[in-house]
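The structure appears right after this line, and notes come after that.
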Amino acid sequence: MARTETDVFIAGGGIAGLSAALAFGRAGFRVVLASPAPPVTEERGDGSDLRSTAFLQPAKDLYEEIGLWPALGPDAVPLEGLRIVDSAGWPPEVRDTREFRATDLGLDCFGWNLINWRVSKALMEVLAGEPSVDLRLDTRFASMVTRESGALVRLASGDSVAARLVVAADGRDSAVRQAAGIGVDVTRYGQKALAFTVTHPVPHQNVSTEIYNEGGPFTMVPLPDVEGRPASAIVWMNPGAKALDLASMEQAAFDAVMSVRSCHHLGPLTLASERRVWPIVSQRAERLVAERTAILAEAAHVVPPIGAQGLNTSLNDVIALRDLAVRDPSRLGTPDMLATFARTRGPDIRARVAAIDLFNRVTRSGEPVLQALRLAGLRTVYDVAPLRQAVMRAGMAR
C-alpha cells in the first residue's frame with residue numbers, strides 16, 4: 001500500500017473541510033483530504049444539502065483570499081436586513097415585529113446568502129485546479145498514530161499519510177476526534193429541522209425573516225428568483241415527530257400549512273425543492289486539540305440553525321488555524337501552535353454554543369411565561385440602540 005508525505009491531512013469533505021483544504025493549499029502547504037464520498041454538487045442529487053448559509057464578512061474575506069468568491073458571488077444574495085416576527089397560537093397571531101438593518105452598523109449588508117450545495121460545487125471546481133491539494137473522495141480515515149514529530153494516518157483503502165498536522169473536519173460523529181480520545185458534551189432537544197426552497201408572490205427585498213412560535217423558528221432567507229418568481233430558503237424547526245410528518249405530507253397540504261406558519265408574510269408559499277430533515281442538537285468537544293491534531297467545524301461544535309452561527313463559526317476555525325500556520329510554517333502542528341489555536345477559538349466557541357442553546361430553548365417554548373420573556377427580550381434588544389448594535393456586532397463576529 002502507498003504512503004504519502006504531506007504537511008496537512010484533513011478528514012472530511014464537507015464545506016468546512018474543503019474550505020480548509022483550499023485555504024492551506026493556497027497558503028503553500030501540501031494537503032491530503034480524505035472523505036468516504038464526494039460532496040453532492042447538484043440540487044436534486046441524493047443527499048444534497050438544501051440548507052442555506054448567510055456568509056458573514058470574515059467568511060467572505062476568506063473566500064476572496066483563496067480565490068473562491070468569484071465562483072460564488074453571482075449566486076449570492078446580500079442580506080440587507082433581518083426581520084424578527086414574534087407570534088403565538090395557531091393559526092399564529094403576530095404579536096410584534098422588529099427589523100434590524102445593516103445600515104445601523106454602517107454596512108451595506110450583514111452577509112451574503114447561498115445554498116450549501118452550490119458552495120460545495122464551487123469548492124470542488126476550484127480545488128480541481130489546485131495542485132497542492134490531493135483529494136481522496138473514495139476513502140475514509142481509519143486510524144492514526146501521533147508522535148511529537150508528526151502523525152501517521154491510515155485510510156480505509158489501506159494507504160497511509162504522514163502529516164505534520166491532522167485536521168478533524170469530519171462532522172459531529174468525527175472519527176478523528178474519537179481516535180484522539182476527545183469526548184463531547186451533547187444536548188438533545190427532540191427537534192428536527194426541515195430545509196427546502198419555496199417561491200412566493202411578495203419580493204423578499206433582501207431581508208431574512210425569522211418567525212417565532214412553538215417548536216422553533218421558521219426562517220425565510222432570500223435567494224435568487226426561481227423561474228421568474230421570488231424565492232427563499234426555509235429552515236423550519238419542530239419537534240421531531242411533527243417534522244417527519246411534515247416531510248411526508250402531500251405538497252398541497254404542506255404548502256397550506258407552511259403558509260399559515262409563515263403568517264403569510266410573503267404571501268402563499270409554494271414548495272420548489274425536495275424537503276430535507278436534519279436533527280437539532282448542541283454539541284461541543286471537550287478539547288479542541290490533541291497531539292498533532294486540531295478539531296474544528298462540526299467535529300468541534302454543533303449548534304441549532306439560528307443566527308447564521310453554524311458554518312460561519314466553522315470557517316472562523318479554519319481562518320484561525322490557517323493564520324497560525326502562515327505566521328510561522330515551521331510551527332505547523334507543534335504543541336505551541338495548537339495551544340494557541342485552542343486559546344484563540346475556545347472562548348468564542350463556548351460563548352456561541354451557550355448563547356444559541358439558550359436562544360433555542362426560549363424560541364421553541366410554548367410556555368406563556370417564556371413566550372412573554374421572548375417578546376420582552378425582542379423589544380428591549382431592538383429599542384435600546386446601543387444594545388441593538390452590540391447584539392448585531394456579536395452575531396457577525398465583529
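Lettering and numbering for the C-alpha cells are positional, with chains as A, B, ... in the shown order, residues counted from 1 in each chain, and ligands counted from 1 in the shown order.
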- Near Leu56 in chain A, counting only C-alpha atoms, which residues have an atom at most 7 Å away, once you skip same-chain residues fewer than 4 positions from it, shown as a ChimeraX atom specification? /A:60,110-112,312,396
Please save N, CA, C and O atoms of the selected residues as an mmCIF file, in the first residue's frame.
```
data_model
loop_
_atom_site.group_PDB
_atom_site.id
_atom_site.type_symbol
_atom_site.label_atom_id
_atom_site.label_comp_id
_atom_site.auth_asym_id
_atom_site.auth_seq_id
_atom_site.Cartn_x
_atom_site.Cartn_y
_atom_site.Cartn_z
ATOM 1 N N LYS A 60 -16.586 35.701 3.900
ATOM 2 C CA LYS A 60 -16.417 36.261 2.555
ATOM 3 C C LYS A 60 -14.967 36.679 2.326
ATOM 4 O O LYS A 60 -14.397 36.441 1.250
ATOM 5 N N PHE A 110 -25.521 42.473 6.012
ATOM 6 C CA PHE A 110 -24.994 41.632 7.088
ATOM 7 C C PHE A 110 -24.127 40.498 6.543
ATOM 8 O O PHE A 110 -23.171 40.060 7.179
ATOM 9 N N GLY A 111 -24.503 39.974 5.390
ATOM 10 C CA GLY A 111 -23.816 38.836 4.813
ATOM 11 C C GLY A 111 -24.383 38.533 3.448
ATOM 12 O O GLY A 111 -25.166 39.322 2.894
ATOM 13 N N TRP A 112 -23.986 37.390 2.898
ATOM 14 C CA TRP A 112 -24.379 37.001 1.556
ATOM 15 C C TRP A 112 -24.898 35.573 1.608
ATOM 16 O O TRP A 112 -24.184 34.668 2.037
ATOM 17 N N ASN A 312 -20.492 29.671 9.820
ATOM 18 C CA ASN A 312 -19.599 30.809 9.996
ATOM 19 C C ASN A 312 -18.615 30.572 11.138
ATOM 20 O O ASN A 312 -17.440 30.930 11.035
ATOM 21 N N MET A 396 -22.225 38.937 14.190
ATOM 22 C CA MET A 396 -21.418 38.989 12.980
ATOM 23 C C MET A 396 -19.935 38.779 13.261
ATOM 24 O O MET A 396 -19.110 38.903 12.353
#
```
Go through range 158-273 of chain A residue by residue and, counting only C-alpha atoms, keep those with an atom at most 9 Å from range 325-337 of chain A; for each kept residue give the shortest atom pair and its distance in Å to one decimal, ordered by chain and increasing number, as a Markdown table.
```
| residue | atom | partner | partner_atom | distance |
| --- | --- | --- | --- | --- |
| A:Ala163 | CA | A:Gly333 | CA | 8.9 |
| A:Arg164 | CA | A:Gly333 | CA | 5.6 |
| A:Leu165 | CA | A:Gly333 | CA | 4.6 |
| A:Val166 | CA | A:Gly333 | CA | 7.7 |
```
Emit the selected residues as a tab-separated table (two decimals), in the first residue's frame, including N, CA and C atoms.
```
chain	number	residue	atom	x	y	z
A	163	ALA	N	1.77	13.14	8.15
A	163	ALA	CA	1.47	14.57	8.13
A	163	ALA	C	2.02	15.25	9.37
A	164	ARG	N	2.29	16.53	9.23
A	164	ARG	CA	2.71	17.32	10.38
A	164	ARG	C	1.50	17.77	11.21
A	165	LEU	N	0.35	17.90	10.55
A	165	LEU	CA	-0.87	18.34	11.23
A	165	LEU	C	-2.05	17.54	10.70
A	166	VAL	N	-2.87	17.01	11.61
A	166	VAL	CA	-4.12	16.34	11.26
A	166	VAL	C	-5.27	17.26	11.65
```
Where does range 25-87 of chain A meet range 231-237 of chain A within 8 Å, residue by residue, with the nearest atom pair and distance in Å to one decimal for each, counting only C-alpha atoms, listed by chain and rising number, as a Markdown table?
```
| residue | atom | partner | partner_atom | distance |
| --- | --- | --- | --- | --- |
| A:Leu50 | CA | A:Ala233 | CA | 8.0 |
| A:Arg51 | CA | A:Ala233 | CA | 7.1 |
| A:Ser52 | CA | A:Ala233 | CA | 6.4 |
```
- Would you mind writing down, as an MDAnalysis selection string, each residue of range 292-369 of chain A that DSSP on the backbone assigns to strand (DSSP E)? chainID A and resid 293:295 301:302
Would you mind exporting all heavy atoms of the selected residues as a PDB file, in the first residue's frame?
```pdb
ATOM      1  N   THR A 293      -2.967  17.326  16.338  1.00  0.00           N
ATOM      2  CA  THR A 293      -4.337  17.247  15.844  1.00  0.00           C
ATOM      3  C   THR A 293      -5.136  18.478  16.257  1.00  0.00           C
ATOM      4  O   THR A 293      -5.113  18.887  17.424  1.00  0.00           O
ATOM      5  CB  THR A 293      -5.037  15.993  16.404  1.00  0.00           C
ATOM      6  OG1 THR A 293      -4.250  14.835  16.108  1.00  0.00           O
ATOM      7  CG2 THR A 293      -6.424  15.826  15.799  1.00  0.00           C
ATOM      8  N   ALA A 294      -5.874  19.054  15.297  1.00  0.00           N
ATOM      9  CA  ALA A 294      -6.788  20.163  15.560  1.00  0.00           C
ATOM     10  C   ALA A 294      -8.208  19.727  15.225  1.00  0.00           C
ATOM     11  O   ALA A 294      -8.451  19.137  14.173  1.00  0.00           O
ATOM     12  CB  ALA A 294      -6.401  21.385  14.730  1.00  0.00           C
ATOM     13  N   ILE A 295      -9.153  20.036  16.115  1.00  0.00           N
ATOM     14  CA  ILE A 295     -10.558  19.683  15.942  1.00  0.00           C
ATOM     15  C   ILE A 295     -11.302  20.958  15.574  1.00  0.00           C
ATOM     16  O   ILE A 295     -11.250  21.955  16.303  1.00  0.00           O
ATOM     17  CB  ILE A 295     -11.146  19.090  17.235  1.00  0.00           C
ATOM     18  CG1 ILE A 295     -10.200  18.057  17.840  1.00  0.00           C
ATOM     19  CG2 ILE A 295     -12.521  18.500  16.970  1.00  0.00           C
ATOM     20  CD1 ILE A 295      -9.922  16.860  16.976  1.00  0.00           C
ATOM     21  N   HIS A 301     -17.949  21.626  17.250  1.00  0.00           N
ATOM     22  CA  HIS A 301     -19.129  22.323  17.762  1.00  0.00           C
ATOM     23  C   HIS A 301     -20.292  22.187  16.789  1.00  0.00           C
ATOM     24  O   HIS A 301     -20.123  22.284  15.573  1.00  0.00           O
ATOM     25  CB  HIS A 301     -18.826  23.808  17.992  1.00  0.00           C
ATOM     26  CG  HIS A 301     -18.109  24.457  16.846  1.00  0.00           C
ATOM     27  ND1 HIS A 301     -18.733  24.862  15.688  1.00  0.00           N
ATOM     28  CD2 HIS A 301     -16.793  24.738  16.668  1.00  0.00           C
ATOM     29  CE1 HIS A 301     -17.849  25.373  14.859  1.00  0.00           C
ATOM     30  NE2 HIS A 301     -16.650  25.312  15.429  1.00  0.00           N
ATOM     31  N   VAL A 302     -21.458  21.964  17.340  1.00  0.00           N
ATOM     32  CA  VAL A 302     -22.699  21.903  16.565  1.00  0.00           C
ATOM     33  C   VAL A 302     -23.713  22.777  17.288  1.00  0.00           C
ATOM     34  O   VAL A 302     -23.840  22.685  18.520  1.00  0.00           O
ATOM     35  CB  VAL A 302     -23.235  20.464  16.451  1.00  0.00           C
ATOM     36  CG1 VAL A 302     -24.529  20.429  15.634  1.00  0.00           C
ATOM     37  CG2 VAL A 302     -22.196  19.537  15.835  1.00  0.00           C
TER      38      VAL A 302
END
```
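The shell of residues at most 12 Å from Arg44 in chain A, with only C-alpha atoms counted and near chain neighbours (fewer than 4 positions) removed, consists of Val40, Ser48, Asp49, Leu50, Trp117, Arg118, Phe196, Ala272, Ser273, Glu274, Arg275 and Arg276 of chain A.
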- Message: I need the residue nearest Glu286 in chain A from this list: A:Gly183, A:Gly12, A:Gly129, A:Gly67. Use only C-alpha atoms for the distance.
- Response: A:Gly183
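Residue nearest Asp7 in chain A within the list A:Thr209, A:Thr340, A:Thr53, A:Ser132: A:Ser132 [criterion: smallest interatomic distance, only C-alpha atoms].
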- Query: DSSP says alpha helix (DSSP H) for which residues of range 297-326 of chain A? Put them as an NGL selection string?
  - Reply: :A and (310-326)
- Task: Fewer than 5 positions away in the same chain doesn't count, so skip those; otherwise give me all residues within 12 Å of range 24-27 of chain A, counting only C-alpha atoms, as a PyMOL selection string.
- Result: chain A and resi 6-10+17-19+32-33+62-68+126-135+165+167+318-329+332
Each residue of range 81-143 of chain A with at least one atom at most 12 Å from range 220-224 of chain A should appear once, together with its nearest atom pair and the corresponding distance in Å (one decimal); atoms considered: only C-alpha atoms; ordering: chain, then increasing residue number; output as a tab-separated table.
```
residue	atom	partner	partner_atom	distance
A:Gly81	CA	A:Val221	CA	10.4
A:Leu82	CA	A:Val221	CA	9.2
A:Arg83	CA	A:Met220	CA	9.6
A:Ile84	CA	A:Met220	CA	10.6
A:Val85	CA	A:Met220	CA	11.2
A:Gly111	CA	A:Val221	CA	11.3
A:Trp112	CA	A:Pro222	CA	9.5
A:Asn113	CA	A:Leu223	CA	7.0
A:Leu114	CA	A:Leu223	CA	7.2
A:Ile115	CA	A:Leu223	CA	8.1
A:Asn116	CA	A:Leu223	CA	11.9
```
Selected residues, all heavy atoms, written as a PDB file, in the first residue's frame, please.
```
ATOM      1  N   GLY A  81     -31.191  43.120   5.677  1.00  0.00           N
ATOM      2  CA  GLY A  81     -31.937  43.280   6.918  1.00  0.00           C
ATOM      3  C   GLY A  81     -32.315  41.932   7.507  1.00  0.00           C
ATOM      4  O   GLY A  81     -32.325  40.910   6.816  1.00  0.00           O
ATOM      5  N   LEU A  82     -32.618  41.942   8.796  1.00  0.00           N
ATOM      6  CA  LEU A  82     -33.123  40.771   9.496  1.00  0.00           C
ATOM      7  C   LEU A  82     -34.407  41.178  10.205  1.00  0.00           C
ATOM      8  O   LEU A  82     -34.398  42.042  11.095  1.00  0.00           O
ATOM      9  CB  LEU A  82     -32.096  40.250  10.507  1.00  0.00           C
ATOM     10  CG  LEU A  82     -32.595  39.151  11.456  1.00  0.00           C
ATOM     11  CD1 LEU A  82     -33.025  37.914  10.676  1.00  0.00           C
ATOM     12  CD2 LEU A  82     -31.529  38.796  12.486  1.00  0.00           C
ATOM     13  N   ARG A  83     -35.493  40.547   9.809  1.00  0.00           N
ATOM     14  CA  ARG A  83     -36.803  40.851  10.390  1.00  0.00           C
ATOM     15  C   ARG A  83     -37.166  39.743  11.378  1.00  0.00           C
ATOM     16  O   ARG A  83     -37.121  38.559  11.054  1.00  0.00           O
ATOM     17  CB  ARG A  83     -37.854  40.956   9.290  1.00  0.00           C
ATOM     18  CG  ARG A  83     -39.245  41.353   9.776  1.00  0.00           C
ATOM     19  CD  ARG A  83     -40.217  41.468   8.605  1.00  0.00           C
ATOM     20  NE  ARG A  83     -39.793  42.514   7.679  1.00  0.00           N
ATOM     21  CZ  ARG A  83     -39.435  42.290   6.412  1.00  0.00           C
ATOM     22  NH1 ARG A  83     -39.411  41.053   5.930  1.00  0.00           N
ATOM     23  NH2 ARG A  83     -39.086  43.290   5.638  1.00  0.00           N
ATOM     24  N   ILE A  84     -37.516  40.134  12.596  1.00  0.00           N
ATOM     25  CA  ILE A  84     -37.945  39.196  13.625  1.00  0.00           C
ATOM     26  C   ILE A  84     -39.450  39.390  13.837  1.00  0.00           C
ATOM     27  O   ILE A  84     -39.907  40.499  14.139  1.00  0.00           O
ATOM     28  CB  ILE A  84     -37.205  39.423  14.952  1.00  0.00           C
ATOM     29  CG1 ILE A  84     -35.691  39.328  14.744  1.00  0.00           C
ATOM     30  CG2 ILE A  84     -37.670  38.425  16.002  1.00  0.00           C
ATOM     31  CD1 ILE A  84     -35.209  37.984  14.290  1.00  0.00           C
ATOM     32  N   VAL A  85     -40.193  38.303  13.686  1.00  0.00           N
ATOM     33  CA  VAL A  85     -41.649  38.330  13.870  1.00  0.00           C
ATOM     34  C   VAL A  85     -41.974  37.409  15.035  1.00  0.00           C
ATOM     35  O   VAL A  85     -41.660  36.212  14.997  1.00  0.00           O
ATOM     36  CB  VAL A  85     -42.386  37.858  12.603  1.00  0.00           C
ATOM     37  CG1 VAL A  85     -43.899  37.858  12.828  1.00  0.00           C
ATOM     38  CG2 VAL A  85     -42.030  38.743  11.407  1.00  0.00           C
ATOM     39  N   GLY A 111     -24.503  39.974   5.390  1.00  0.00           N
ATOM     40  CA  GLY A 111     -23.816  38.836   4.813  1.00  0.00           C
ATOM     41  C   GLY A 111     -24.383  38.533   3.448  1.00  0.00           C
ATOM     42  O   GLY A 111     -25.166  39.322   2.894  1.00  0.00           O
ATOM     43  N   TRP A 112     -23.986  37.390   2.898  1.00  0.00           N
ATOM     44  CA  TRP A 112     -24.379  37.001   1.556  1.00  0.00           C
ATOM     45  C   TRP A 112     -24.898  35.573   1.608  1.00  0.00           C
ATOM     46  O   TRP A 112     -24.184  34.668   2.037  1.00  0.00           O
ATOM     47  CB  TRP A 112     -23.184  37.115   0.605  1.00  0.00           C
ATOM     48  CG  TRP A 112     -22.700  38.520   0.445  1.00  0.00           C
ATOM     49  CD1 TRP A 112     -22.993  39.376  -0.560  1.00  0.00           C
ATOM     50  CD2 TRP A 112     -21.834  39.244   1.338  1.00  0.00           C
ATOM     51  NE1 TRP A 112     -22.374  40.583  -0.358  1.00  0.00           N
ATOM     52  CE2 TRP A 112     -21.659  40.530   0.802  1.00  0.00           C
ATOM     53  CE3 TRP A 112     -21.200  38.917   2.542  1.00  0.00           C
ATOM     54  CZ2 TRP A 112     -20.875  41.493   1.420  1.00  0.00           C
ATOM     55  CZ3 TRP A 112     -20.422  39.880   3.169  1.00  0.00           C
ATOM     56  CH2 TRP A 112     -20.260  41.154   2.605  1.00  0.00           C
ATOM     57  N   ASN A 113     -26.125  35.362   1.173  1.00  0.00           N
ATOM     58  CA  ASN A 113     -26.749  34.049   1.325  1.00  0.00           C
ATOM     59  C   ASN A 113     -26.546  33.179   0.095  1.00  0.00           C
ATOM     60  O   ASN A 113     -26.688  33.630  -1.047  1.00  0.00           O
ATOM     61  CB  ASN A 113     -28.249  34.197   1.581  1.00  0.00           C
ATOM     62  CG  ASN A 113     -28.827  32.922   2.143  1.00  0.00           C
ATOM     63  OD1 ASN A 113     -28.425  32.476   3.216  1.00  0.00           O
ATOM     64  ND2 ASN A 113     -29.739  32.298   1.419  1.00  0.00           N
ATOM     65  N   LEU A 114     -26.217  31.900   0.369  1.00  0.00           N
ATOM     66  CA  LEU A 114     -26.009  30.912  -0.687  1.00  0.00           C
ATOM     67  C   LEU A 114     -26.549  29.567  -0.227  1.00  0.00           C
ATOM     68  O   LEU A 114     -26.499  29.229   0.964  1.00  0.00           O
ATOM     69  CB  LEU A 114     -24.514  30.754  -0.994  1.00  0.00           C
ATOM     70  CG  LEU A 114     -23.849  31.920  -1.734  1.00  0.00           C
ATOM     71  CD1 LEU A 114     -22.380  31.997  -1.383  1.00  0.00           C
ATOM     72  CD2 LEU A 114     -24.027  31.751  -3.240  1.00  0.00           C
ATOM     73  N   ILE A 115     -27.056  28.779  -1.172  1.00  0.00           N
ATOM     74  CA  ILE A 115     -27.446  27.407  -0.880  1.00  0.00           C
ATOM     75  C   ILE A 115     -26.183  26.557  -0.727  1.00  0.00           C
ATOM     76  O   ILE A 115     -25.240  26.669  -1.520  1.00  0.00           O
ATOM     77  CB  ILE A 115     -28.343  26.855  -2.004  1.00  0.00           C
ATOM     78  CG1 ILE A 115     -29.711  27.553  -1.969  1.00  0.00           C
ATOM     79  CG2 ILE A 115     -28.512  25.358  -1.883  1.00  0.00           C
ATOM     80  CD1 ILE A 115     -30.583  27.144  -0.805  1.00  0.00           C
ATOM     81  N   ASN A 116     -26.160  25.688   0.276  1.00  0.00           N
ATOM     82  CA  ASN A 116     -24.932  24.961   0.600  1.00  0.00           C
ATOM     83  C   ASN A 116     -24.415  24.086  -0.536  1.00  0.00           C
ATOM     84  O   ASN A 116     -23.199  23.980  -0.748  1.00  0.00           O
ATOM     85  CB  ASN A 116     -25.149  24.123   1.855  1.00  0.00           C
ATOM     86  CG  ASN A 116     -25.173  24.969   3.125  1.00  0.00           C
ATOM     87  OD1 ASN A 116     -25.057  26.190   3.067  1.00  0.00           O
ATOM     88  ND2 ASN A 116     -25.332  24.321   4.249  1.00  0.00           N
TER      89      ASN A 116
END
```
